[in-house]
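Enquirer: I'm passing along structure_26.txt; it holds compact mmCIF, C-alpha atoms.
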# COMPACT_ATOMS: atom_id res chain seq x y z
CA MET A 1 86.73 119.77 36.56
CA LYS A 2 88.49 120.18 33.24
CA LEU A 3 86.17 120.89 30.35
CA ARG A 4 86.70 121.07 26.65
CA TYR A 5 87.32 124.67 25.74
CA GLU A 6 86.02 126.23 22.56
CA ALA A 7 86.30 129.88 23.44
CA LEU A 8 86.92 130.96 19.88
CA TYR A 9 83.33 130.15 19.01
CA MET A 10 81.63 130.44 22.34
CA GLU A 11 82.13 133.92 23.69
CA LEU A 12 78.93 135.59 24.81
CA LEU A 13 78.24 139.26 24.20
CA ALA A 14 76.04 141.19 26.60
CA ILE A 15 73.02 142.67 24.82
CA GLY A 16 71.76 144.51 27.90
CA THR A 17 71.54 144.57 31.67
CA VAL A 18 68.94 143.91 34.36
CA GLU A 19 67.89 146.78 36.61
CA SER A 20 66.19 145.40 39.70
CA PRO A 21 65.71 146.13 43.40
CA LEU A 22 67.28 142.69 44.05
CA ARG A 23 70.88 143.27 45.06
CA ASP A 24 72.13 139.91 46.34
CA ARG A 25 71.36 136.23 46.17
CA ALA A 26 70.10 136.03 49.73
CA SER A 27 67.26 138.46 48.98
CA ALA A 28 66.23 136.91 45.65
CA PRO A 29 63.42 134.37 45.36
CA LYS A 30 64.37 130.99 43.88
CA GLN A 31 62.13 131.51 40.84
CA GLY A 32 60.47 134.53 39.26
CA ASP A 33 56.95 133.40 40.14
CA GLU A 34 57.85 133.06 43.82
CA GLY A 35 57.61 136.74 44.61
CA ALA A 36 60.13 138.44 42.35
CA PRO A 37 59.67 142.19 41.89
CA ASP A 38 59.12 143.99 38.60
CA ALA A 39 62.44 144.73 36.91
CA TRP A 40 63.77 146.57 33.86
CA LEU A 41 65.53 144.94 30.95
CA VAL A 42 67.79 147.68 29.60
CA PHE A 43 69.13 146.88 26.15
CA ASP A 44 72.29 148.22 24.56
CA PRO A 45 71.74 150.60 21.60
CA PRO A 46 73.47 148.33 19.01
CA VAL A 47 70.76 145.66 19.38
CA ALA A 48 67.76 148.02 19.21
CA GLU A 49 66.55 146.63 15.89
CA GLY A 50 66.38 143.15 17.37
CA LEU A 51 63.57 144.24 19.72
CA ASP A 52 61.18 145.07 16.90
CA GLY A 53 58.01 142.99 17.28
CA ILE A 54 58.01 142.77 21.08
CA ALA A 55 54.78 144.19 22.54
CA VAL A 56 53.26 144.89 25.95
CA GLY A 57 51.64 141.72 27.27
CA ASP A 58 54.09 139.37 25.51
CA GLU A 59 55.47 136.45 27.46
CA LEU A 60 59.20 136.16 26.87
CA LEU A 61 62.04 133.90 27.85
CA VAL A 62 64.99 135.99 28.99
CA LEU A 63 68.43 134.39 29.11
CA THR A 64 70.95 135.98 31.45
CA TRP A 65 74.52 135.36 32.54
CA LEU A 66 74.39 134.71 36.29
CA ASP A 67 77.62 136.50 37.01
CA ARG A 68 77.54 135.87 40.74
CA ALA A 69 77.21 132.09 40.40
CA ARG A 70 79.95 129.48 40.87
CA ARG A 71 81.04 127.49 37.83
CA ASP A 72 82.92 124.70 39.62
CA VAL A 73 79.83 123.09 41.17
CA LEU A 74 78.32 119.84 39.84
CA ARG A 75 76.22 118.72 42.83
CA VAL A 76 73.88 120.77 45.02
CA HIS A 77 71.16 120.43 47.62
CA PRO A 78 68.06 121.42 45.60
CA ARG A 79 66.72 124.86 46.53
CA GLY A 80 69.76 125.32 48.77
CA ASP A 81 68.09 123.27 51.50
CA PRO A 82 70.51 120.84 53.26
CA ALA A 83 67.49 118.62 54.03
CA ASN A 84 67.20 117.84 50.30
CA PRO A 85 69.64 115.11 49.20
CA GLU A 86 72.35 116.26 46.79
CA GLN A 87 71.61 116.03 43.08
CA GLY A 88 73.51 116.79 39.91
CA VAL A 89 73.12 120.43 38.90
CA PHE A 90 71.60 119.50 35.53
CA SER A 91 68.53 118.08 37.28
CA THR A 92 68.09 121.32 39.26
CA ARG A 93 67.68 125.04 38.58
CA SER A 94 70.68 125.96 40.71
CA PRO A 95 72.44 129.11 39.46
CA ASP A 96 75.73 127.37 40.27
CA ARG A 97 76.64 125.22 37.23
CA PRO A 98 79.40 125.03 34.58
CA ASN A 99 77.67 127.60 32.33
CA PRO A 100 75.60 129.80 34.65
CA ILE A 101 72.87 130.79 32.23
CA GLY A 102 69.63 131.98 33.81
CA LEU A 103 66.36 131.20 32.05
CA HIS A 104 63.48 133.46 33.09
CA ARG A 105 59.88 133.54 31.95
CA VAL A 106 58.56 137.09 32.17
CA THR A 107 55.64 139.22 31.00
CA VAL A 108 56.22 142.61 29.37
CA LEU A 109 54.43 145.37 31.31
CA LEU A 110 55.78 148.50 29.61
CA ILE A 111 58.11 149.42 26.74
CA ASP A 112 60.09 152.66 26.80
CA GLY A 113 62.55 152.64 23.90
CA LEU A 114 65.36 150.30 24.86
CA ARG A 115 63.86 149.64 28.30
CA LEU A 116 61.31 146.88 28.95
CA LEU A 117 59.58 146.66 32.33
CA VAL A 118 58.83 143.00 33.10
CA ARG A 119 57.02 141.04 35.78
CA ASP A 120 58.49 138.07 37.65
CA LEU A 121 62.24 138.38 37.18
CA GLU A 122 64.43 136.98 39.95
CA ALA A 123 67.76 138.03 38.36
CA LEU A 124 69.92 140.39 40.40
CA HIS A 125 70.63 144.04 39.59
CA GLY A 126 73.44 144.30 37.05
CA THR A 127 73.01 140.80 35.61
CA PRO A 128 73.99 140.77 31.90
CA ILE A 129 71.23 139.86 29.45
CA ILE A 130 72.40 137.54 26.67
CA ASP A 131 69.23 136.64 24.74
CA VAL A 132 65.47 137.07 24.57
CA LYS A 133 63.10 134.62 22.88
CA PRO A 134 59.32 134.48 22.51
CA LEU A 135 57.46 131.74 24.30
CA LEU A 136 56.35 129.24 21.66
CA GLY A 137 52.62 128.74 21.28
CA SER A 138 51.06 125.55 20.00
CA ILE A 139 52.16 124.37 16.56
CA ASP A 140 49.17 125.81 14.69
CA GLU A 141 49.84 129.30 16.11
CA ARG A 142 53.39 129.56 14.74
CA MET B 1 77.04 145.89 15.34
CA LYS B 2 79.42 146.69 18.17
CA LEU B 3 78.47 145.08 21.47
CA ARG B 4 79.83 145.41 24.92
CA TYR B 5 82.39 142.71 25.46
CA GLU B 6 82.74 140.88 28.74
CA ALA B 7 84.61 137.80 27.58
CA LEU B 8 86.49 137.43 30.82
CA TYR B 9 83.30 136.36 32.55
CA MET B 10 81.27 135.06 29.66
CA GLU B 11 83.14 132.24 28.01
CA LEU B 12 81.03 129.12 27.55
CA LEU B 13 82.43 125.64 28.06
CA ALA B 14 80.99 122.72 26.12
CA ILE B 15 79.63 120.05 28.46
CA GLY B 16 78.80 117.63 25.64
CA THR B 17 77.78 117.24 22.02
CA VAL B 18 74.64 116.35 20.05
CA GLU B 19 74.67 113.18 17.92
CA SER B 20 71.86 113.35 15.40
CA PRO B 21 70.97 112.24 11.86
CA LEU B 22 70.41 115.96 11.10
CA ARG B 23 73.48 117.21 9.26
CA ASP B 24 72.55 120.64 7.91
CA ARG B 25 70.10 123.48 8.50
CA ALA B 26 68.12 122.78 5.34
CA SER B 27 67.13 119.32 6.58
CA ALA B 28 66.27 120.33 10.16
CA PRO B 29 62.72 121.16 11.25
CA LYS B 30 62.15 124.65 12.67
CA GLN B 31 61.22 123.26 16.10
CA GLY B 32 61.72 119.93 17.81
CA ASP B 33 58.01 119.10 17.87
CA GLU B 34 57.74 119.60 14.10
CA GLY B 35 59.20 116.24 13.14
CA ALA B 36 62.70 116.18 14.67
CA PRO B 37 64.29 112.73 14.99
CA ASP B 38 65.50 111.12 18.18
CA ALA B 39 69.03 112.23 19.02
CA TRP B 40 71.76 111.49 21.57
CA LEU B 41 73.09 113.96 24.08
CA VAL B 42 76.66 112.80 24.69
CA PHE B 43 78.18 114.38 27.80
CA ASP B 44 81.85 114.90 28.50
CA PRO B 45 83.26 112.77 31.36
CA PRO B 46 84.18 115.73 33.63
CA VAL B 47 80.48 116.66 34.06
CA ALA B 48 79.21 113.13 34.77
CA GLU B 49 78.26 113.94 38.36
CA GLY B 50 76.04 116.77 37.18
CA LEU B 51 73.71 114.29 35.49
CA ASP B 52 72.76 112.57 38.73
CA GLY B 53 69.00 112.75 39.22
CA ILE B 54 68.00 112.70 35.54
CA ALA B 55 65.67 109.77 34.78
CA VAL B 56 63.96 108.20 31.78
CA GLY B 57 60.73 110.06 31.05
CA ASP B 58 62.00 113.39 32.35
CA GLU B 59 61.25 116.50 30.34
CA LEU B 60 64.35 118.64 30.07
CA LEU B 61 65.38 121.96 28.60
CA VAL B 62 68.62 121.55 26.68
CA LEU B 63 70.69 124.63 25.87
CA THR B 64 73.04 124.38 22.92
CA TRP B 65 75.46 126.61 21.08
CA LEU B 66 74.17 126.88 17.51
CA ASP B 67 77.60 126.91 15.94
CA ARG B 68 76.36 127.20 12.36
CA ALA B 69 74.27 130.30 13.02
CA ARG B 70 75.12 133.90 12.10
CA ARG B 71 75.74 136.36 14.92
CA ASP B 72 75.52 139.59 12.91
CA VAL B 73 71.79 139.35 12.24
CA LEU B 74 69.19 141.49 14.08
CA ARG B 75 66.18 141.23 11.75
CA VAL B 76 64.75 138.15 10.02
CA HIS B 77 61.71 136.94 8.14
CA PRO B 78 60.07 134.66 10.76
CA ARG B 79 60.48 130.97 9.94
CA GLY B 80 62.73 131.93 7.01
CA ASP B 81 59.67 132.72 4.89
CA PRO B 82 60.07 135.91 2.78
CA ALA B 83 56.27 136.28 2.87
CA ASN B 84 56.50 137.02 6.62
CA PRO B 85 57.42 140.67 7.31
CA GLU B 86 60.82 141.16 8.93
CA GLN B 87 60.94 141.24 12.74
CA GLY B 88 63.65 141.72 15.32
CA VAL B 89 65.36 138.42 16.16
CA PHE B 90 64.40 138.69 19.83
CA SER B 91 60.72 138.28 18.94
CA THR B 92 61.53 135.13 16.91
CA ARG B 93 63.20 131.77 17.44
CA SER B 94 65.68 132.33 14.59
CA PRO B 95 69.01 130.55 15.22
CA ASP B 96 70.70 133.65 13.78
CA ARG B 97 71.07 136.15 16.66
CA PRO B 98 73.88 137.86 18.61
CA ASN B 99 74.26 134.93 21.03
CA PRO B 100 73.09 131.82 19.12
CA ILE B 101 71.87 129.76 22.05
CA GLY B 102 69.40 127.03 21.19
CA LEU B 103 66.67 126.17 23.69
CA HIS B 104 65.16 122.72 23.18
CA ARG B 105 62.45 120.95 25.14
CA VAL B 106 63.07 117.19 24.99
CA THR B 107 61.96 113.98 26.67
CA VAL B 108 64.51 111.43 27.91
CA LEU B 109 63.95 108.01 26.27
CA LEU B 110 67.04 106.10 27.42
CA ILE B 111 70.10 106.63 29.59
CA ASP B 112 73.37 104.84 28.88
CA GLY B 113 76.08 106.26 31.13
CA LEU B 114 77.05 109.64 29.71
CA ARG B 115 74.66 109.22 26.75
CA LEU B 116 71.00 110.30 26.86
CA LEU B 117 68.67 109.42 24.01
CA VAL B 118 66.03 112.16 23.67
CA ARG B 119 62.92 112.78 21.60
CA ASP B 120 62.24 115.98 19.64
CA LEU B 121 65.63 117.60 19.20
CA GLU B 122 66.11 119.74 16.08
CA ALA B 123 69.78 120.58 16.81
CA LEU B 124 72.31 119.49 14.17
CA HIS B 125 74.91 116.74 14.58
CA GLY B 126 77.97 118.08 16.37
CA THR B 127 76.21 120.97 18.09
CA PRO B 128 77.87 121.73 21.46
CA ILE B 129 75.67 121.29 24.55
CA ILE B 130 76.12 124.05 27.12
CA ASP B 131 73.47 123.37 29.78
CA VAL B 132 70.58 121.13 30.80
CA LYS B 133 67.76 122.18 33.13
CA PRO B 134 64.63 120.44 34.37
CA LEU B 135 61.29 121.77 33.24
CA LEU B 136 59.72 123.55 36.20
CA GLY B 137 56.45 122.15 37.49
CA SER B 138 53.83 124.20 39.29
CA ILE B 139 54.95 126.01 42.45
CA ASP B 140 53.60 123.38 44.85
CA GLU B 141 55.59 120.61 43.13
CA ARG B 142 59.01 122.24 43.60
Go through the file and emit its structure as structure tokens.

Expert:
Amino acid sequence: MKLRYEALYMELLAIGTVESPLRDRASAPKQGDEGAPDAWLVFDPPVAEGLDGIAVGDELLVLTWLDRARRDVLRVHPRGDPANPEQGVFSTRSPDRPNPIGLHRVTVLLIDGLRLLVRDLEALHGTPIIDVKPLLGSIDER
Amino acid sequence: MKLRYEALYMELLAIGTVESPLRDRASAPKQGDEGAPDAWLVFDPPVAEGLDGIAVGDELLVLTWLDRARRDVLRVHPRGDPANPEQGVFSTRSPDRPNPIGLHRVTVLLIDGLRLLVRDLEALHGTPIIDVKPLLGSIDER
């Protein structure tokens, strides 16, 4: 698979790291709401200001770089089950995909400086965090 | 702002490009459901197989690289309105942020080979596409 390459403009910078009891893919649930443990989002000091406005109870979307995923995979058996017919990765949530970006919906349980304890995160220990966004409410709440 | 740098593992590859009547930030709505036009997702031939399983009517999450955003910004006035007190970018949907990844919820209107026409996309013409994921249903539908 040979893809267009625009590295000059498309280099990601880690803004933090996941601390979690999950150490390998085999032990991780497929999605956060399928039994993932609480985990810490530990942010790097240079981005501290960017966290201003996040509060306990907020629902956030956390984007991570799934550094243990394969990037040369375009078709998978959904949920890793050989009984499911193969599909293109873009119609699945497989971590294996050309740009292995994880998208996780979490709830903030505790804030301790640069550390946020969150519920329902299936990312593995050591996974780089690349972005955090608020969940959007309905239009009239924005 | 000096961030940890892990470029070796964190270089994004464009998988396609947005074709849209939106040509600049001033003309784009803040969110897709605030009046964005229909737009085409045009995928690169090497990732064609990855699209297998996407159908008209599907709701998708499209991830883009917001190539006209600033990466050195950590605080913004939400929605670009000076009347809103500044907040950290991670509690806003500002395109300006350390890793300017756009997250767009769209509906597929038409599929023509490597081209998908979608509703409600506020990304600008020429924006690189980096990933596509299905919206997750409730646990018992997975």

Enquirer: Given all atoms listed in the file as the basis, pick out the residue of B:Asp24, B:Asp81, B:Asp131, B:Asp120 nearest to chain A.

Expert: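 Of B:Asp24, B:Asp81, B:Asp131, B:Asp120, the one nearest chain A is B:Asp131, counting all atoms listed in the file.
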
Enquirer: Looking at A:Pro21, A:Pro134, A:Gly126, A:Pro82, which one is nearest to chain B, with distances taken over only C-alpha atoms?

Expert: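 For chain B, the nearest of the given residues is A:Pro134.
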
Enquirer: What are the coordinates of chain B as a CSV table (one decimal) with C-alpha atoms, in the frame of the given file following a least-squares fit to chain A on all in-order C-alpha atoms?

Expert:
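For reference, result.csv as written:
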chain,number,residue,atom,x,y,z
B,1,MET,CA,86.8,119.9,36.5
B,2,LYS,CA,88.5,120.2,33.2
B,3,LEU,CA,86.2,120.9,30.3
B,4,ARG,CA,86.7,121.1,26.6
B,5,TYR,CA,87.3,124.6,25.7
B,6,GLU,CA,86.0,126.2,22.5
B,7,ALA,CA,86.2,129.9,23.4
B,8,LEU,CA,86.9,130.9,19.9
B,9,TYR,CA,83.3,130.1,19.0
B,10,MET,CA,81.6,130.4,22.3
B,11,GLU,CA,82.1,133.9,23.7
B,12,LEU,CA,78.9,135.6,24.8
B,13,LEU,CA,78.2,139.3,24.2
B,14,ALA,CA,76.0,141.2,26.6
B,15,ILE,CA,73.0,142.7,24.8
B,16,GLY,CA,71.8,144.5,27.9
B,17,THR,CA,71.6,144.6,31.7
B,18,VAL,CA,68.9,143.9,34.4
B,19,GLU,CA,67.9,146.8,36.6
B,20,SER,CA,66.2,145.4,39.7
B,21,PRO,CA,65.7,146.1,43.4
B,22,LEU,CA,67.3,142.7,44.1
B,23,ARG,CA,70.9,143.3,45.1
B,24,ASP,CA,72.1,139.9,46.4
B,25,ARG,CA,71.4,136.2,46.2
B,26,ALA,CA,70.1,136.0,49.7
B,27,SER,CA,67.3,138.4,49.0
B,28,ALA,CA,66.2,136.9,45.6
B,29,PRO,CA,63.4,134.4,45.4
B,30,LYS,CA,64.4,131.0,43.9
B,31,GLN,CA,62.1,131.5,40.9
B,32,GLY,CA,60.5,134.5,39.3
B,33,ASP,CA,56.9,133.4,40.1
B,34,GLU,CA,57.8,133.0,43.8
B,35,GLY,CA,57.6,136.7,44.6
B,36,ALA,CA,60.1,138.4,42.3
B,37,PRO,CA,59.7,142.2,41.9
B,38,ASP,CA,59.1,144.0,38.6
B,39,ALA,CA,62.4,144.7,36.9
B,40,TRP,CA,63.8,146.6,33.9
B,41,LEU,CA,65.5,144.9,31.0
B,42,VAL,CA,67.8,147.7,29.6
B,43,PHE,CA,69.1,146.9,26.1
B,44,ASP,CA,72.3,148.2,24.6
B,45,PRO,CA,71.8,150.6,21.6
B,46,PRO,CA,73.5,148.3,19.0
B,47,VAL,CA,70.8,145.7,19.4
B,48,ALA,CA,67.8,148.0,19.2
B,49,GLU,CA,66.6,146.6,15.9
B,50,GLY,CA,66.4,143.2,17.4
B,51,LEU,CA,63.6,144.2,19.7
B,52,ASP,CA,61.2,145.1,16.9
B,53,GLY,CA,58.0,143.0,17.3
B,54,ILE,CA,58.0,142.8,21.1
B,55,ALA,CA,54.8,144.2,22.5
B,56,VAL,CA,53.3,144.9,25.9
B,57,GLY,CA,51.7,141.7,27.3
B,58,ASP,CA,54.1,139.4,25.5
B,59,GLU,CA,55.5,136.4,27.4
B,60,LEU,CA,59.2,136.2,26.9
B,61,LEU,CA,62.0,133.9,27.8
B,62,VAL,CA,65.0,136.0,29.0
B,63,LEU,CA,68.4,134.4,29.1
B,64,THR,CA,71.0,136.0,31.4
B,65,TRP,CA,74.5,135.4,32.5
B,66,LEU,CA,74.4,134.7,36.3
B,67,ASP,CA,77.6,136.5,37.0
B,68,ARG,CA,77.6,135.9,40.8
B,69,ALA,CA,77.2,132.1,40.4
B,70,ARG,CA,79.9,129.5,40.9
B,71,ARG,CA,81.0,127.5,37.8
B,72,ASP,CA,82.9,124.7,39.6
B,73,VAL,CA,79.8,123.1,41.2
B,74,LEU,CA,78.3,119.8,39.9
B,75,ARG,CA,76.2,118.7,42.8
B,76,VAL,CA,73.9,120.8,45.0
B,77,HIS,CA,71.2,120.4,47.6
B,78,PRO,CA,68.1,121.4,45.6
B,79,ARG,CA,66.7,124.8,46.5
B,80,GLY,CA,69.8,125.3,48.8
B,81,ASP,CA,68.1,123.2,51.5
B,82,PRO,CA,70.5,120.8,53.3
B,83,ALA,CA,67.5,118.6,54.0
B,84,ASN,CA,67.2,117.8,50.3
B,85,PRO,CA,69.6,115.1,49.2
B,86,GLU,CA,72.3,116.3,46.8
B,87,GLN,CA,71.6,116.0,43.1
B,88,GLY,CA,73.5,116.8,39.9
B,89,VAL,CA,73.1,120.4,38.9
B,90,PHE,CA,71.6,119.5,35.5
B,91,SER,CA,68.5,118.1,37.3
B,92,THR,CA,68.1,121.3,39.3
B,93,ARG,CA,67.7,125.0,38.6
B,94,SER,CA,70.7,126.0,40.7
B,95,PRO,CA,72.4,129.1,39.5
B,96,ASP,CA,75.7,127.4,40.3
B,97,ARG,CA,76.6,125.2,37.2
B,98,PRO,CA,79.4,125.0,34.6
B,99,ASN,CA,77.7,127.6,32.3
B,100,PRO,CA,75.6,129.8,34.7
B,101,ILE,CA,72.9,130.8,32.2
B,102,GLY,CA,69.6,132.0,33.8
B,103,LEU,CA,66.4,131.2,32.1
B,104,HIS,CA,63.5,133.5,33.1
B,105,ARG,CA,59.9,133.5,31.9
B,106,VAL,CA,58.6,137.1,32.2
B,107,THR,CA,55.6,139.2,31.0
B,108,VAL,CA,56.2,142.6,29.4
B,109,LEU,CA,54.4,145.4,31.3
B,110,LEU,CA,55.8,148.5,29.6
B,111,ILE,CA,58.1,149.4,26.7
B,112,ASP,CA,60.1,152.7,26.8
B,113,GLY,CA,62.6,152.6,23.9
B,114,LEU,CA,65.4,150.3,24.8
B,115,ARG,CA,63.9,149.7,28.3
B,116,LEU,CA,61.3,146.9,29.0
B,117,LEU,CA,59.6,146.7,32.3
B,118,VAL,CA,58.8,143.0,33.1
B,119,ARG,CA,57.0,141.0,35.8
B,120,ASP,CA,58.5,138.1,37.6
B,121,LEU,CA,62.2,138.4,37.2
B,122,GLU,CA,64.4,137.0,40.0
B,123,ALA,CA,67.7,138.0,38.4
B,124,LEU,CA,69.9,140.4,40.4
B,125,HIS,CA,70.6,144.0,39.6
B,126,GLY,CA,73.4,144.3,37.1
B,127,THR,CA,73.0,140.8,35.6
B,128,PRO,CA,74.0,140.8,31.9
B,129,ILE,CA,71.2,139.9,29.4
B,130,ILE,CA,72.4,137.5,26.7
B,131,ASP,CA,69.2,136.6,24.7
B,132,VAL,CA,65.5,137.1,24.6
B,133,LYS,CA,63.1,134.6,22.9
B,134,PRO,CA,59.3,134.5,22.5
B,135,LEU,CA,57.5,131.7,24.3
B,136,LEU,CA,56.4,129.2,21.7
B,137,GLY,CA,52.6,128.7,21.3
B,138,SER,CA,51.0,125.5,20.0
B,139,ILE,CA,52.2,124.3,16.5
B,140,ASP,CA,49.2,125.8,14.7
B,141,GLU,CA,49.8,129.3,16.1
B,142,ARG,CA,53.4,129.5,14.7

Enquirer: If we count all atoms listed in the file and set the cut-off at 6 Å, which residues sit around segment 55-70 of chain A, ignoring sequence neighbours fewer than 5 positions away in its own chain? Please answer as a PyMOL selection string.

Expert: chain A and resi 95-96+100-110+128-135

Enquirer: Using all atoms listed in the file for the distances, tell me which of A:Leu124, A:Thr17, A:Pro29, A:Asn99 is nearest to chain B.

Expert: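 Result for the nearest residue to chain B: A:Asn99.
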
Enquirer: Give the answer as one residue: which of B:Val89, B:Val76, B:Ala36, B:Leu117 has the shortest atom-to-atom distance to chain A, using only C-alpha atoms?

Expert: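 So, comparing all the options, the nearest one is B:Val89.
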
Enquirer: Have a look at A:Leu116, A:Ala123, A:Asp72, A:Leu51 and name the one nearest to chain B; count all atoms listed in the file.

Expert: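 Once distances to chain B are computed over all atoms listed in the file, the minimum belongs to A:Leu51.
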
Enquirer: Quick check, in Å to one decimal: how far apart do atom CA of Ala39 of chain B and atom CA of Leu74 of chain A lie?

Expert: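 Interatomic distance, atom CA of Ala39 of chain B to atom CA of Leu74 of chain A: 24.0 Å.
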
Enquirer: Pull out every residue of chain A that has at least one atom within 7 Å of chain B, counting only C-alpha atoms, and report them as a PyMOL selection string.

Expert: chain A and resi 1-7+10-15+46-47+49-54+74-75+87-93+99+130-134

Enquirer: Provide the atom CA of Pro37 of chain A to atom CA of Ala83 of chain A distance in Å, to one decimal place.

Expert: 27.6 Å

Enquirer: Can you measure atom CA of Ile111 of chain A to atom CA of Phe43 of chain A for me? One decimal in Å is fine.

Expert: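 Those two atoms sit 11.3 Å apart.
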